[in-house]
>>> print(open('input11.cif').read())   # mmCIF, C-alpha atoms and all ligand atoms
data_my_file
#
loop_
_atom_site.label_atom_id
_atom_site.label_comp_id
_atom_site.auth_asym_id
_atom_site.auth_seq_id
_atom_site.Cartn_x
_atom_site.Cartn_y
_atom_site.Cartn_z
CA MET Q 1 14.14 -0.43 32.74
CA THR Q 2 11.39 -1.68 30.46
CA THR Q 3 8.20 0.35 30.38
CA ILE Q 4 5.01 -1.68 30.35
CA ILE Q 5 2.55 0.28 28.22
CA ASP Q 6 -0.75 0.60 30.07
CA GLY Q 7 -3.54 0.37 27.51
CA ASN Q 8 -6.24 0.58 30.16
CA GLU Q 9 -4.94 3.93 31.32
CA VAL Q 10 -4.59 5.43 27.83
CA ALA Q 11 -8.02 4.09 26.88
CA ALA Q 12 -9.50 5.74 29.97
CA ASP Q 13 -7.93 9.03 28.85
CA VAL Q 14 -9.44 8.61 25.38
CA ARG Q 15 -12.88 7.95 26.89
CA ALA Q 16 -12.55 10.96 29.20
CA GLY Q 17 -11.58 13.07 26.20
CA LEU Q 18 -14.86 12.19 24.51
CA ALA Q 19 -16.97 13.67 27.30
CA ASP Q 20 -16.87 17.25 25.96
CA GLY Q 21 -17.77 16.14 22.44
CA ILE Q 22 -20.70 14.09 23.73
CA GLU Q 23 -21.88 17.06 25.84
CA THR Q 24 -21.67 19.38 22.84
CA LEU Q 25 -23.69 16.97 20.71
CA LYS Q 26 -26.30 16.50 23.42
CA ALA Q 27 -26.64 20.26 23.84
CA GLU Q 28 -27.47 20.36 20.12
CA GLY Q 29 -30.12 17.64 20.59
CA THR Q 30 -28.07 14.66 19.39
CA THR Q 31 -27.09 11.62 21.40
CA PRO Q 32 -24.42 9.68 19.49
CA GLY Q 33 -25.77 6.24 18.59
CA LEU Q 34 -23.88 3.04 17.80
CA ALA Q 35 -25.67 0.00 16.35
CA THR Q 36 -24.04 -3.38 16.70
CA VAL Q 37 -25.30 -6.25 14.57
CA LEU Q 38 -24.54 -9.84 15.52
CA MET Q 39 -25.22 -12.72 13.16
CA SER Q 40 -23.35 -15.50 14.88
CA ASP Q 41 -23.57 -18.04 17.70
CA ASP Q 42 -19.87 -17.72 18.43
CA PRO Q 43 -19.44 -16.99 22.18
CA ALA Q 44 -16.36 -14.84 21.53
CA SER Q 45 -18.33 -12.64 19.10
CA GLU Q 46 -21.19 -12.39 21.62
CA THR Q 47 -18.71 -11.26 24.28
CA TYR Q 48 -17.11 -8.65 21.99
CA VAL Q 49 -20.48 -7.17 21.11
CA SER Q 50 -21.70 -7.03 24.70
CA MET Q 51 -18.44 -5.31 25.75
CA LYS Q 52 -18.95 -2.72 23.02
CA GLN Q 53 -22.50 -2.08 24.22
CA ARG Q 54 -21.31 -1.72 27.82
CA ASP Q 55 -18.63 0.74 26.71
CA CYS Q 56 -21.31 2.84 24.98
CA GLU Q 57 -23.43 2.96 28.11
CA GLU Q 58 -20.46 4.06 30.22
CA VAL Q 59 -19.67 7.13 28.12
CA GLY Q 60 -23.23 8.17 27.25
CA ILE Q 61 -23.48 6.80 23.71
CA ASN Q 62 -26.84 5.29 22.81
CA GLY Q 63 -26.19 1.60 22.12
CA ILE Q 64 -28.56 -0.25 19.81
CA HIS Q 65 -28.13 -3.97 19.40
CA VAL Q 66 -29.64 -6.19 16.71
CA GLU Q 67 -29.29 -9.98 16.70
CA ILE Q 68 -29.97 -12.02 13.60
CA ASP Q 69 -30.23 -15.78 13.63
CA ALA Q 70 -27.02 -17.27 12.21
CA ASP Q 71 -29.14 -19.47 9.91
CA ALA Q 72 -31.31 -16.62 8.61
CA PRO Q 73 -31.12 -15.68 4.94
CA ALA Q 74 -28.37 -13.17 4.12
CA GLU Q 75 -31.02 -10.66 2.99
CA GLU Q 76 -32.14 -10.30 6.58
CA LEU Q 77 -28.75 -8.86 7.45
CA PHE Q 78 -28.74 -6.56 4.43
CA ASP Q 79 -32.28 -5.33 5.23
CA THR Q 80 -31.16 -4.59 8.80
CA VAL Q 81 -28.16 -2.63 7.57
CA ASP Q 82 -30.43 -0.65 5.20
CA GLU Q 83 -32.75 0.22 8.08
CA LEU Q 84 -29.85 1.32 10.27
CA ASN Q 85 -28.39 3.37 7.40
CA ALA Q 86 -31.71 5.23 7.22
CA ASP Q 87 -32.12 5.72 10.97
CA PRO Q 88 -31.08 9.26 12.00
CA GLU Q 89 -30.49 8.13 15.59
CA VAL Q 90 -27.82 5.69 14.46
CA HIS Q 91 -24.48 7.35 13.67
CA GLY Q 92 -22.26 4.29 13.67
CA ILE Q 93 -22.91 0.73 12.46
CA LEU Q 94 -20.75 -2.24 13.30
CA VAL Q 95 -21.49 -5.69 11.92
CA GLN Q 96 -19.55 -8.11 14.09
CA MET Q 97 -17.23 -10.30 12.03
CA PRO Q 98 -17.07 -13.08 11.11
CA VAL Q 99 -20.49 -13.39 9.49
CA PRO Q 100 -21.70 -16.89 8.50
CA ASP Q 101 -20.30 -18.42 5.31
CA HIS Q 102 -23.52 -17.90 3.37
CA VAL Q 103 -23.19 -14.12 3.77
CA ASP Q 104 -20.87 -12.27 1.41
CA LYS Q 105 -18.55 -10.40 3.78
CA ARG Q 106 -17.42 -7.89 1.16
CA ARG Q 107 -21.02 -7.04 0.36
CA VAL Q 108 -21.61 -6.39 4.07
CA LEU Q 109 -18.70 -3.95 4.16
CA ARG Q 110 -20.06 -2.17 1.08
CA ALA Q 111 -23.63 -2.11 2.39
CA ILE Q 112 -22.87 0.10 5.39
CA ASP Q 113 -23.19 3.81 4.64
CA PRO Q 114 -19.54 4.98 4.58
CA VAL Q 115 -20.43 7.90 6.85
CA LYS Q 116 -21.69 5.40 9.46
CA ASP Q 117 -18.82 2.95 8.94
CA VAL Q 118 -17.09 3.46 12.28
CA ASP Q 119 -14.90 0.39 11.73
CA GLY Q 120 -13.40 2.12 8.69
CA PHE Q 121 -13.61 -0.99 6.49
CA HIS Q 122 -15.88 0.27 3.68
CA PRO Q 123 -13.82 0.46 0.46
CA GLU Q 124 -14.39 4.23 0.31
CA ASN Q 125 -12.99 4.65 3.81
CA VAL Q 126 -10.08 2.31 3.13
CA GLY Q 127 -9.27 4.37 0.03
CA ARG Q 128 -9.46 7.62 1.93
CA MET Q 129 -7.16 6.31 4.63
CA VAL Q 130 -4.59 5.06 2.11
CA ALA Q 131 -4.72 8.46 0.42
CA GLY Q 132 -3.92 10.12 3.73
CA ASN Q 133 -7.39 11.60 4.16
CA ALA Q 134 -8.99 9.17 6.60
CA ARG Q 135 -12.59 9.71 7.65
CA TYR Q 136 -12.46 7.05 10.37
CA LYS Q 137 -9.17 5.31 11.07
CA PRO Q 138 -9.63 1.58 11.81
CA CYS Q 139 -9.85 1.14 15.57
CA THR Q 140 -6.91 -1.16 16.32
CA PRO Q 141 -4.17 0.66 14.38
CA HIS Q 142 -5.59 4.01 15.46
CA GLY Q 143 -5.48 2.83 19.07
CA ILE Q 144 -1.87 1.76 18.58
CA GLN Q 145 -1.03 5.23 17.27
CA LYS Q 146 -2.55 6.69 20.43
CA LEU Q 147 -0.46 4.34 22.59
CA LEU Q 148 2.73 5.31 20.76
CA GLU Q 149 1.85 8.98 21.17
CA ALA Q 150 1.04 8.61 24.86
CA TYR Q 151 4.41 6.95 25.50
CA ASP Q 152 6.39 9.41 23.34
CA VAL Q 153 7.49 6.76 20.87
CA GLU Q 154 9.09 8.53 17.92
CA THR Q 155 7.83 7.12 14.63
CA GLU Q 156 9.47 9.78 12.45
CA GLY Q 157 12.39 8.08 10.70
CA ALA Q 158 12.01 4.95 12.83
CA ASP Q 159 12.39 1.48 11.35
CA ALA Q 160 9.10 -0.31 11.94
CA VAL Q 161 8.17 -3.92 11.27
CA VAL Q 162 4.53 -4.96 11.11
CA VAL Q 163 4.10 -8.72 11.36
CA GLY Q 164 0.78 -9.62 9.71
CA ARG Q 165 -0.99 -8.17 6.67
CA SER Q 166 -4.68 -8.52 7.53
CA ASP Q 167 -7.19 -5.97 6.26
CA ILE Q 168 -8.17 -5.03 9.82
CA VAL Q 169 -4.76 -4.66 11.48
CA GLY Q 170 -1.59 -5.28 9.47
CA LYS Q 171 -2.41 -3.34 6.30
CA PRO Q 172 -4.00 -0.28 7.92
CA MET Q 173 -1.23 -0.19 10.55
CA THR Q 174 1.34 -0.15 7.77
CA ASN Q 175 -0.52 2.59 5.95
CA LEU Q 176 -0.67 4.80 9.02
CA LEU Q 177 3.00 4.25 9.81
CA ILE Q 178 4.16 5.28 6.33
CA GLN Q 179 2.00 8.37 6.03
CA LYS Q 180 3.56 11.81 5.83
CA ALA Q 181 1.88 12.83 9.03
CA PRO Q 182 2.45 13.01 12.75
CA LEU Q 183 2.71 9.45 14.13
CA GLY Q 184 3.77 8.33 10.66
CA ASN Q 185 6.97 8.84 8.64
CA ALA Q 186 8.34 5.44 9.68
CA THR Q 187 10.27 3.24 7.28
CA THR Q 188 8.03 0.21 7.40
CA THR Q 189 8.48 -3.44 6.51
CA VAL Q 190 5.48 -5.75 6.36
CA CYS Q 191 6.01 -9.42 7.18
CA HIS Q 192 3.66 -12.36 6.72
CA SER Q 193 3.62 -16.13 6.56
CA ARG Q 194 5.83 -16.21 3.44
CA THR Q 195 8.48 -13.90 4.87
CA LYS Q 196 11.94 -15.45 4.87
CA ASP Q 197 13.80 -15.11 8.16
CA LEU Q 198 11.31 -13.09 10.17
CA ALA Q 199 13.78 -12.70 13.04
CA ALA Q 200 16.30 -10.93 10.80
CA LYS Q 201 13.61 -8.36 9.97
CA THR Q 202 12.32 -7.82 13.50
CA ARG Q 203 15.84 -7.53 14.92
CA GLU Q 204 16.37 -4.40 12.81
CA ALA Q 205 13.21 -2.70 14.05
CA ASP Q 206 12.80 0.20 16.44
CA ILE Q 207 9.07 -0.58 16.53
CA VAL Q 208 7.56 -4.05 16.14
CA VAL Q 209 3.81 -4.50 15.78
CA ALA Q 210 2.82 -8.17 15.99
CA ALA Q 211 -0.65 -8.98 14.60
CA VAL Q 212 -0.37 -12.61 13.67
CA GLY Q 213 -2.65 -14.84 15.75
CA VAL Q 214 0.18 -17.25 16.59
CA PRO Q 215 0.82 -17.53 20.33
CA GLU Q 216 4.21 -16.11 21.37
CA LEU Q 217 5.68 -16.15 17.88
CA VAL Q 218 7.94 -13.16 18.53
CA THR Q 219 10.51 -13.91 21.21
CA GLY Q 220 13.06 -11.75 22.99
CA ASP Q 221 15.94 -12.96 20.83
CA MET Q 222 14.10 -11.60 17.77
CA LEU Q 223 14.17 -8.03 19.09
CA LYS Q 224 16.62 -5.16 19.08
CA ASP Q 225 17.62 -3.79 22.47
CA GLY Q 226 15.26 -1.03 23.49
CA ALA Q 227 12.67 -1.66 20.76
CA THR Q 228 9.04 -0.71 21.26
CA VAL Q 229 6.93 -3.84 21.01
CA VAL Q 230 3.19 -3.70 20.35
CA ASP Q 231 1.44 -7.02 20.76
CA VAL Q 232 -1.96 -7.14 19.06
CA GLY Q 233 -2.45 -10.89 19.38
CA VAL Q 234 -5.17 -12.40 21.54
CA ASN Q 235 -4.77 -16.16 21.65
CA ARG Q 236 -6.43 -18.67 23.92
CA VAL Q 237 -4.06 -21.37 25.07
CA ASP Q 238 -4.88 -24.29 27.34
CA ALA Q 239 -3.93 -23.56 30.93
CA ASP Q 240 -4.59 -24.79 34.42
CA THR Q 241 -7.03 -21.97 35.22
CA ASP Q 242 -10.73 -21.92 36.18
CA LYS Q 243 -11.65 -21.33 32.56
CA GLY Q 244 -9.22 -23.95 31.32
CA TYR Q 245 -7.34 -21.42 29.19
CA GLU Q 246 -5.38 -18.21 29.39
CA LEU Q 247 -4.87 -15.37 26.94
CA VAL Q 248 -1.46 -14.84 25.45
CA GLY Q 249 -0.24 -12.49 22.78
CA ASP Q 250 1.76 -12.98 19.62
CA VAL Q 251 4.84 -11.95 21.59
CA GLU Q 252 6.47 -14.06 24.28
CA PHE Q 253 6.14 -11.45 27.00
CA GLU Q 254 8.63 -12.93 29.47
CA SER Q 255 11.58 -13.02 27.09
CA ALA Q 256 10.60 -9.88 25.17
CA LYS Q 257 10.26 -7.63 28.21
CA ASP Q 258 13.92 -8.10 29.08
CA VAL Q 259 14.99 -6.73 25.70
CA ALA Q 260 12.28 -4.23 24.78
CA GLY Q 261 12.34 -0.61 25.87
CA ARG Q 262 8.55 -0.48 25.93
CA ILE Q 263 6.06 -3.29 25.53
CA THR Q 264 2.29 -3.78 25.59
CA PRO Q 265 0.95 -6.61 27.76
CA VAL Q 266 -1.84 -9.02 26.83
CA PRO Q 267 -4.39 -8.40 28.15
CA GLY Q 268 -4.36 -4.70 28.99
CA GLY Q 269 -2.43 -3.32 26.03
CA VAL Q 270 -3.97 -2.94 22.59
CA GLY Q 271 -7.39 -4.48 23.37
CA PRO Q 272 -8.75 -1.62 25.51
CA MET Q 273 -7.56 0.86 22.87
CA THR Q 274 -9.49 -0.88 20.09
CA ARG Q 275 -12.65 -0.53 22.16
CA ALA Q 276 -11.98 3.10 23.03
CA MET Q 277 -11.35 4.09 19.41
CA LEU Q 278 -14.71 2.66 18.38
CA LEU Q 279 -16.34 5.11 20.77
CA TYR Q 280 -14.13 7.88 19.38
CA ASN Q 281 -15.20 7.10 15.82
CA THR Q 282 -18.86 7.01 16.86
CA VAL Q 283 -18.67 10.46 18.43
CA LYS Q 284 -16.84 11.72 15.37
CA ALA Q 285 -19.49 10.15 13.13
CA ALA Q 286 -22.28 11.85 15.07
CA GLY Q 287 -20.53 15.19 14.56
CA VAL Q 288 -20.07 14.54 10.83
CA GLN Q 289 -23.73 13.60 10.36
CA THR Q 290 -25.17 16.49 12.33
CA ASP Q 291 -22.71 19.20 11.27
CA VAL Q 292 -21.87 19.83 14.90
CA ALA Q 293 -18.19 20.62 15.49
CA VAL Q 294 -16.88 18.18 18.09
CA ASP Q 295 -13.43 18.70 19.46
CA LEU Q 296 -11.69 15.30 19.60
P1 LIG G 1 -5.32 -12.68 10.44
O1 LIG G 1 -5.40 -14.13 10.71
O2 LIG G 1 -6.33 -12.03 9.56
O3 LIG G 1 -3.88 -12.33 9.85
C1 LIG G 1 -2.73 -12.88 10.41
C2 LIG G 1 -1.53 -12.44 9.63
O4 LIG G 1 -0.39 -13.04 10.23
C3 LIG G 1 -1.54 -12.87 8.17
O5 LIG G 1 -1.11 -11.80 7.35
C4 LIG G 1 -0.57 -14.05 8.12
O6 LIG G 1 0.16 -14.16 6.91
C5 LIG G 1 0.41 -13.66 9.22
N1 LIG G 1 1.10 -14.83 9.76
C6 LIG G 1 0.55 -16.00 10.16
N2 LIG G 1 1.51 -16.84 10.60
C7 LIG G 1 2.68 -16.18 10.47
C8 LIG G 1 4.02 -16.51 10.76
N3 LIG G 1 4.36 -17.69 11.26
N4 LIG G 1 4.96 -15.57 10.49
C9 LIG G 1 4.65 -14.37 10.00
N5 LIG G 1 3.39 -14.00 9.71
C10 LIG G 1 2.42 -14.90 9.95
O7 LIG G 1 -5.29 -11.99 11.88
P2 LIG G 1 -5.73 -10.54 12.43
O8 LIG G 1 -4.85 -9.49 11.89
O9 LIG G 1 -7.20 -10.40 12.31
O10 LIG G 1 -5.43 -10.76 13.98
C11 LIG G 1 -4.14 -11.04 14.44
C12 LIG G 1 -4.18 -11.26 15.94
O11 LIG G 1 -4.62 -10.07 16.57
C13 LIG G 1 -5.16 -12.33 16.41
O12 LIG G 1 -4.64 -12.95 17.56
C14 LIG G 1 -6.41 -11.55 16.77
O13 LIG G 1 -7.20 -12.19 17.75
C15 LIG G 1 -5.78 -10.30 17.35
N6 LIG G 1 -6.60 -9.09 17.27
C16 LIG G 1 -6.63 -8.32 18.38
C17 LIG G 1 -7.28 -7.13 18.39
C18 LIG G 1 -7.22 -6.30 19.60
O14 LIG G 1 -7.94 -5.33 19.69
N7 LIG G 1 -6.38 -6.63 20.57
C19 LIG G 1 -8.03 -6.65 17.22
C20 LIG G 1 -7.89 -7.52 16.06
C21 LIG G 1 -7.20 -8.69 16.11
P3 LIG G 1 -0.55 -14.50 5.50
O15 LIG G 1 -1.23 -13.23 5.07
O16 LIG G 1 0.58 -14.87 4.64
O17 LIG G 1 -1.53 -15.60 5.78
#
>>> encode(input="input11.cif", output="structure tokens")
Amino acid sequence: MTTIIDGNEVAADVRAGLADGIETLKAEGTTPGLATVLMSDDPASETYVSMKQRDCEEVGINGIHVEIDADAPAEELFDTVDELNADPEVHGILVQMPVPDHVDKRRVLRAIDPVKDVDGFHPENVGRMVAGNARYKPCTPHGIQKLLEAYDVETEGADAVVVGRSDIVGKPMTNLLIQKAPLGNATTTVCHSRTKDLAAKTREADIVVAAVGVPELVTGDMLKDGATVVDVGVNRVDADTDKGYELVGDVEFESAKDVAGRITPVPGGVGPMTRAMLLYNTVKAAGVQTDVAVDL
């Protein structure tokens, strides 16, 4: 029997687990605050940001939202980040990516105070994570770790294959899987667009994490019997629905579910976890900045 991993349920548990920490902070006079900054007209980015704000409201985090015209000079974004860095009511800052081409993305990542960098993408935080001393683990791979933990997936000594080497998913996922730490200690192979014979790699894996952005790239015949399959992909494909599209993952769910031991669906797998871990990092950040011990 294949287990369908329920990301909504695990994410709800993560959110419930934040309640005590938020209470403790409030008792000490601090309401955790998350600032989202949007400099884009992209409807998908607008949706992501509004979902993050709604999540904040639900758990009692103070959500602050700043919108900057996509045509505005880059300095407007950097001035906003400076102001948020200096604002004691803001504990986490998230600049929604992608930013327009005339804005230097790497400078944006460096501009955010590392202590408020709840995405975990500032070079200092990336370095700390690689060194095994993460301040804030990036939300998607951290959420995947929580899913694996919730479903008792053994990473210790497991053969893992991560398909994709992006800075936001593939690389940090790989780093977490290879760490000498609980939920790590996996022997990990990283695949990408230049990998020869991807299927030969994934077929050897006890755990496959697909973060590619190619609809249904990983099919059932590319998997080992009983493997745990984590599908990060969110791809819009044309479909005869009201919206004219449907969301599919990077894994072909129908064929994969017959082979996998456990598998995440799209939607309802990794996505809710990414959102929940942003809240987790924000509560953690509020504790770090106020010297209040929060139990997470
Ligand atoms: P990127 O586009 O940044 O990276 C994709 C990676 O996949 C690259 O490393 C690329 O290789 C590799 N790749 C592309 N084609 C192939 C192929 N045919 N075979 C093997 N590897 C390939 O994507 P992201 O990591 O940002 O996102 C991946 C997917 O996850 C997207 O669908 C995105 O929407 C989704 N996503 C979902 C999140 C969630 O919370 N559910 C969060 C973040 C992303 P190369 O480096 O050689 O180009």
>>> closest_atom_pairs(input="input11.cif", of="chain Q", to="ligand LIG 1 (chain G)", cutoff="7 Å", atoms="only C-alpha atoms and all ligand atoms", output="Markdown table")
| residue | atom | partner | partner_atom | distance |
| --- | --- | --- | --- | --- |
| Q:Thr140 | CA | G:LIG1 | O14 | 5.5 |
| Q:Val163 | CA | G:LIG1 | N5 | 5.6 |
| Q:Gly164 | CA | G:LIG1 | C2 | 3.6 |
| Q:Arg165 | CA | G:LIG1 | O5 | 3.7 |
| Q:Ser166 | CA | G:LIG1 | O2 | 4.4 |
| Q:Asp167 | CA | G:LIG1 | O2 | 7.0 |
| Q:Ile168 | CA | G:LIG1 | O8 | 5.9 |
| Q:Val169 | CA | G:LIG1 | O8 | 4.8 |
| Q:Gly170 | CA | G:LIG1 | O8 | 5.8 |
| Q:Cys191 | CA | G:LIG1 | N5 | 5.9 |
| Q:His192 | CA | G:LIG1 | N5 | 3.4 |
| Q:Ser193 | CA | G:LIG1 | C10 | 3.8 |
| Q:Arg194 | CA | G:LIG1 | O16 | 5.5 |
| Q:Thr195 | CA | G:LIG1 | C9 | 6.4 |
| Q:Leu198 | CA | G:LIG1 | C9 | 6.8 |
| Q:Ala211 | CA | G:LIG1 | C11 | 4.1 |
| Q:Val212 | CA | G:LIG1 | O4 | 3.5 |
| Q:Gly213 | CA | G:LIG1 | O12 | 3.3 |
| Q:Val214 | CA | G:LIG1 | N2 | 6.1 |
| Q:Leu217 | CA | G:LIG1 | N3 | 6.9 |
| Q:Val232 | CA | G:LIG1 | O11 | 4.7 |
| Q:Gly233 | CA | G:LIG1 | O12 | 3.5 |
| Q:Val234 | CA | G:LIG1 | O12 | 4.1 |
| Q:Asn235 | CA | G:LIG1 | O12 | 5.2 |
| Q:Gly249 | CA | G:LIG1 | O12 | 6.8 |
| Q:Asp250 | CA | G:LIG1 | O12 | 6.7 |
| Q:Val270 | CA | G:LIG1 | N7 | 4.8 |
| Q:Gly271 | CA | G:LIG1 | N7 | 3.7 |
| Q:Pro272 | CA | G:LIG1 | O14 | 6.9 |
| Q:Met273 | CA | G:LIG1 | O14 | 7.0 |
| Q:Thr274 | CA | G:LIG1 | O14 | 4.7 |
>>> write_last_selection(input="input11.cif", atoms="C-alpha atoms", output="PDB file, in the coordinates of the input")
ATOM      1  CA  THR Q 140      -6.910  -1.160  16.320  1.00  0.00           C
ATOM      2  CA  VAL Q 163       4.100  -8.720  11.360  1.00  0.00           C
ATOM      3  CA  GLY Q 164       0.780  -9.620   9.710  1.00  0.00           C
ATOM      4  CA  ARG Q 165      -0.990  -8.170   6.670  1.00  0.00           C
ATOM      5  CA  SER Q 166      -4.680  -8.520   7.530  1.00  0.00           C
ATOM      6  CA  ASP Q 167      -7.190  -5.970   6.260  1.00  0.00           C
ATOM      7  CA  ILE Q 168      -8.170  -5.030   9.820  1.00  0.00           C
ATOM      8  CA  VAL Q 169      -4.760  -4.660  11.480  1.00  0.00           C
ATOM      9  CA  GLY Q 170      -1.590  -5.280   9.470  1.00  0.00           C
ATOM     10  CA  CYS Q 191       6.010  -9.420   7.180  1.00  0.00           C
ATOM     11  CA  HIS Q 192       3.660 -12.360   6.720  1.00  0.00           C
ATOM     12  CA  SER Q 193       3.620 -16.130   6.560  1.00  0.00           C
ATOM     13  CA  ARG Q 194       5.830 -16.210   3.440  1.00  0.00           C
ATOM     14  CA  THR Q 195       8.480 -13.900   4.870  1.00  0.00           C
ATOM     15  CA  LEU Q 198      11.310 -13.090  10.170  1.00  0.00           C
ATOM     16  CA  ALA Q 211      -0.650  -8.980  14.600  1.00  0.00           C
ATOM     17  CA  VAL Q 212      -0.370 -12.610  13.670  1.00  0.00           C
ATOM     18  CA  GLY Q 213      -2.650 -14.840  15.750  1.00  0.00           C
ATOM     19  CA  VAL Q 214       0.180 -17.250  16.590  1.00  0.00           C
ATOM     20  CA  LEU Q 217       5.680 -16.150  17.880  1.00  0.00           C
ATOM     21  CA  VAL Q 232      -1.960  -7.140  19.060  1.00  0.00           C
ATOM     22  CA  GLY Q 233      -2.450 -10.890  19.380  1.00  0.00           C
ATOM     23  CA  VAL Q 234      -5.170 -12.400  21.540  1.00  0.00           C
ATOM     24  CA  ASN Q 235      -4.770 -16.160  21.650  1.00  0.00           C
ATOM     25  CA  GLY Q 249      -0.240 -12.490  22.780  1.00  0.00           C
ATOM     26  CA  ASP Q 250       1.760 -12.980  19.620  1.00  0.00           C
ATOM     27  CA  VAL Q 270      -3.970  -2.940  22.590  1.00  0.00           C
ATOM     28  CA  GLY Q 271      -7.390  -4.480  23.370  1.00  0.00           C
ATOM     29  CA  PRO Q 272      -8.750  -1.620  25.510  1.00  0.00           C
ATOM     30  CA  MET Q 273      -7.560   0.860  22.870  1.00  0.00           C
ATOM     31  CA  THR Q 274      -9.490  -0.880  20.090  1.00  0.00           C
TER      32      THR Q 274
END
>>> atom_distance(input="input11.cif", atom1="atom CA of Q:Thr155", atom2="atom CA of Q:Leu18")
25.3 Å
>>> residues_around(input="input11.cif", residues="stretch 8-10 of chain Q", least_positions_apart="2", cutoff="12 Å", atoms="all atoms listed in the file", output="number ranges by chain")
Q: 4-6, 12-17, 143-151, 264-277
>>> atom_distance(input="input11.cif", atom1="atom CA of Q:Thr80", atom2="atom CA of Q:Lys171")
28.9 Å
>>> closest_residue(input="input11.cif", among="Q:Ala186, Q:Val230, Q:Leu176, Q:Ala293", to="Q:Ala260", atoms="all atoms listed in the file")
Q:Val230
>>> atom_distance(input="input11.cif", atom1="atom CA of Q:Leu25", atom2="atom CA of Q:Leu279")
14.0 Å
>>> residues_around(input="input11.cif", residues="Q:Asp117", least_positions_apart="3", cutoff="12 Å", atoms="only C-alpha atoms", output="count of residues only")
40
>>> closest_residue(input="input11.cif", among="Q:Thr241, Q:Thr188, Q:Ser40, Q:Asn133", to="Q:Leu77", atoms="only C-alpha atoms")
Q:Ser40
>>> axis_aligned_box(input="input11.cif", around="stretch 189-202 of chain Q", padding_each_side="6 Å", output="JSON")
{"center_x": 10.0, "center_y": -9.8, "center_z": 8.5, "size_x": 24.7, "size_y": 24.8, "size_z": 22.1}
>>> closest_residue(input="input11.cif", among="Q:Ala158, Q:Asp104, Q:Gly29, Q:Gln96", to="Q:Ser50", atoms="only C-alpha atoms")
Q:Gln96
>>> residues_around(input="input11.cif", residues="Q:Asp258", least_positions_apart="5", cutoff="12 Å", atoms="all atoms listed in the file", output="ChimeraX atom specification")
/Q:1-4,219-229,252-253,263
>>> write_last_selection(input="input11.cif", atoms="C-alpha atoms", output="mmCIF file, in the coordinates of the input")
data_model
loop_
_atom_site.group_PDB
_atom_site.id
_atom_site.type_symbol
_atom_site.label_atom_id
_atom_site.label_comp_id
_atom_site.auth_asym_id
_atom_site.auth_seq_id
_atom_site.Cartn_x
_atom_site.Cartn_y
_atom_site.Cartn_z
ATOM 1 C CA MET Q 1 14.140 -0.430 32.740
ATOM 2 C CA THR Q 2 11.390 -1.680 30.460
ATOM 3 C CA THR Q 3 8.200 0.350 30.380
ATOM 4 C CA ILE Q 4 5.010 -1.680 30.350
ATOM 5 C CA THR Q 219 10.510 -13.910 21.210
ATOM 6 C CA GLY Q 220 13.060 -11.750 22.990
ATOM 7 C CA ASP Q 221 15.940 -12.960 20.830
ATOM 8 C CA MET Q 222 14.100 -11.600 17.770
ATOM 9 C CA LEU Q 223 14.170 -8.030 19.090
ATOM 10 C CA LYS Q 224 16.620 -5.160 19.080
ATOM 11 C CA ASP Q 225 17.620 -3.790 22.470
ATOM 12 C CA GLY Q 226 15.260 -1.030 23.490
ATOM 13 C CA ALA Q 227 12.670 -1.660 20.760
ATOM 14 C CA THR Q 228 9.040 -0.710 21.260
ATOM 15 C CA VAL Q 229 6.930 -3.840 21.010
ATOM 16 C CA GLU Q 252 6.470 -14.060 24.280
ATOM 17 C CA PHE Q 253 6.140 -11.450 27.000
ATOM 18 C CA ILE Q 263 6.060 -3.290 25.530
#
>>> closest_residue(input="input11.cif", among="Q:Leu183, Q:Ala199, Q:Met173, Q:Val59", to="Q:Gly21", atoms="all atoms listed in the file")
Q:Val59
>>> closest_residue(input="input11.cif", among="Q:Glu156, Q:Glu204, Q:Glu246, Q:Asp119", to="Q:Asn185", atoms="only C-alpha atoms")
Q:Glu156
>>> closest_residue(input="input11.cif", among="Q:Ala86, Q:Ala160, Q:Leu296, Q:Val115", to="Q:Asp206", atoms="only C-alpha atoms")
Q:Ala160
>>> decode(input="input11.cif", residues="stretch 80-94 of chain Q", atoms="C-alpha atoms", output="PDB file, in the first residue's frame")
ATOM      1  CA  THR Q  80      12.610  49.801   1.949  1.00  0.00           C
ATOM      2  CA  VAL Q  81      14.781  46.897   3.058  1.00  0.00           C
ATOM      3  CA  ASP Q  82      16.938  49.309   5.115  1.00  0.00           C
ATOM      4  CA  GLU Q  83      13.838  50.679   6.837  1.00  0.00           C
ATOM      5  CA  LEU Q  84      12.555  47.192   7.605  1.00  0.00           C
ATOM      6  CA  ASN Q  85      15.993  46.159   8.893  1.00  0.00           C
ATOM      7  CA  ALA Q  86      15.800  49.062  11.357  1.00  0.00           C
ATOM      8  CA  ASP Q  87      12.201  48.458  12.441  1.00  0.00           C
ATOM      9  CA  PRO Q  88      12.084  46.620  15.793  1.00  0.00           C
ATOM     10  CA  GLU Q  89       8.552  45.374  15.080  1.00  0.00           C
ATOM     11  CA  VAL Q  90       9.765  43.505  12.008  1.00  0.00           C
ATOM     12  CA  HIS Q  91      11.533  40.228  12.822  1.00  0.00           C
ATOM     13  CA  GLY Q  92      11.447  38.623   9.396  1.00  0.00           C
ATOM     14  CA  ILE Q  93      11.816  40.136   5.920  1.00  0.00           C
ATOM     15  CA  LEU Q  94      10.929  38.365   2.714  1.00  0.00           C
TER      16      LEU Q  94
END
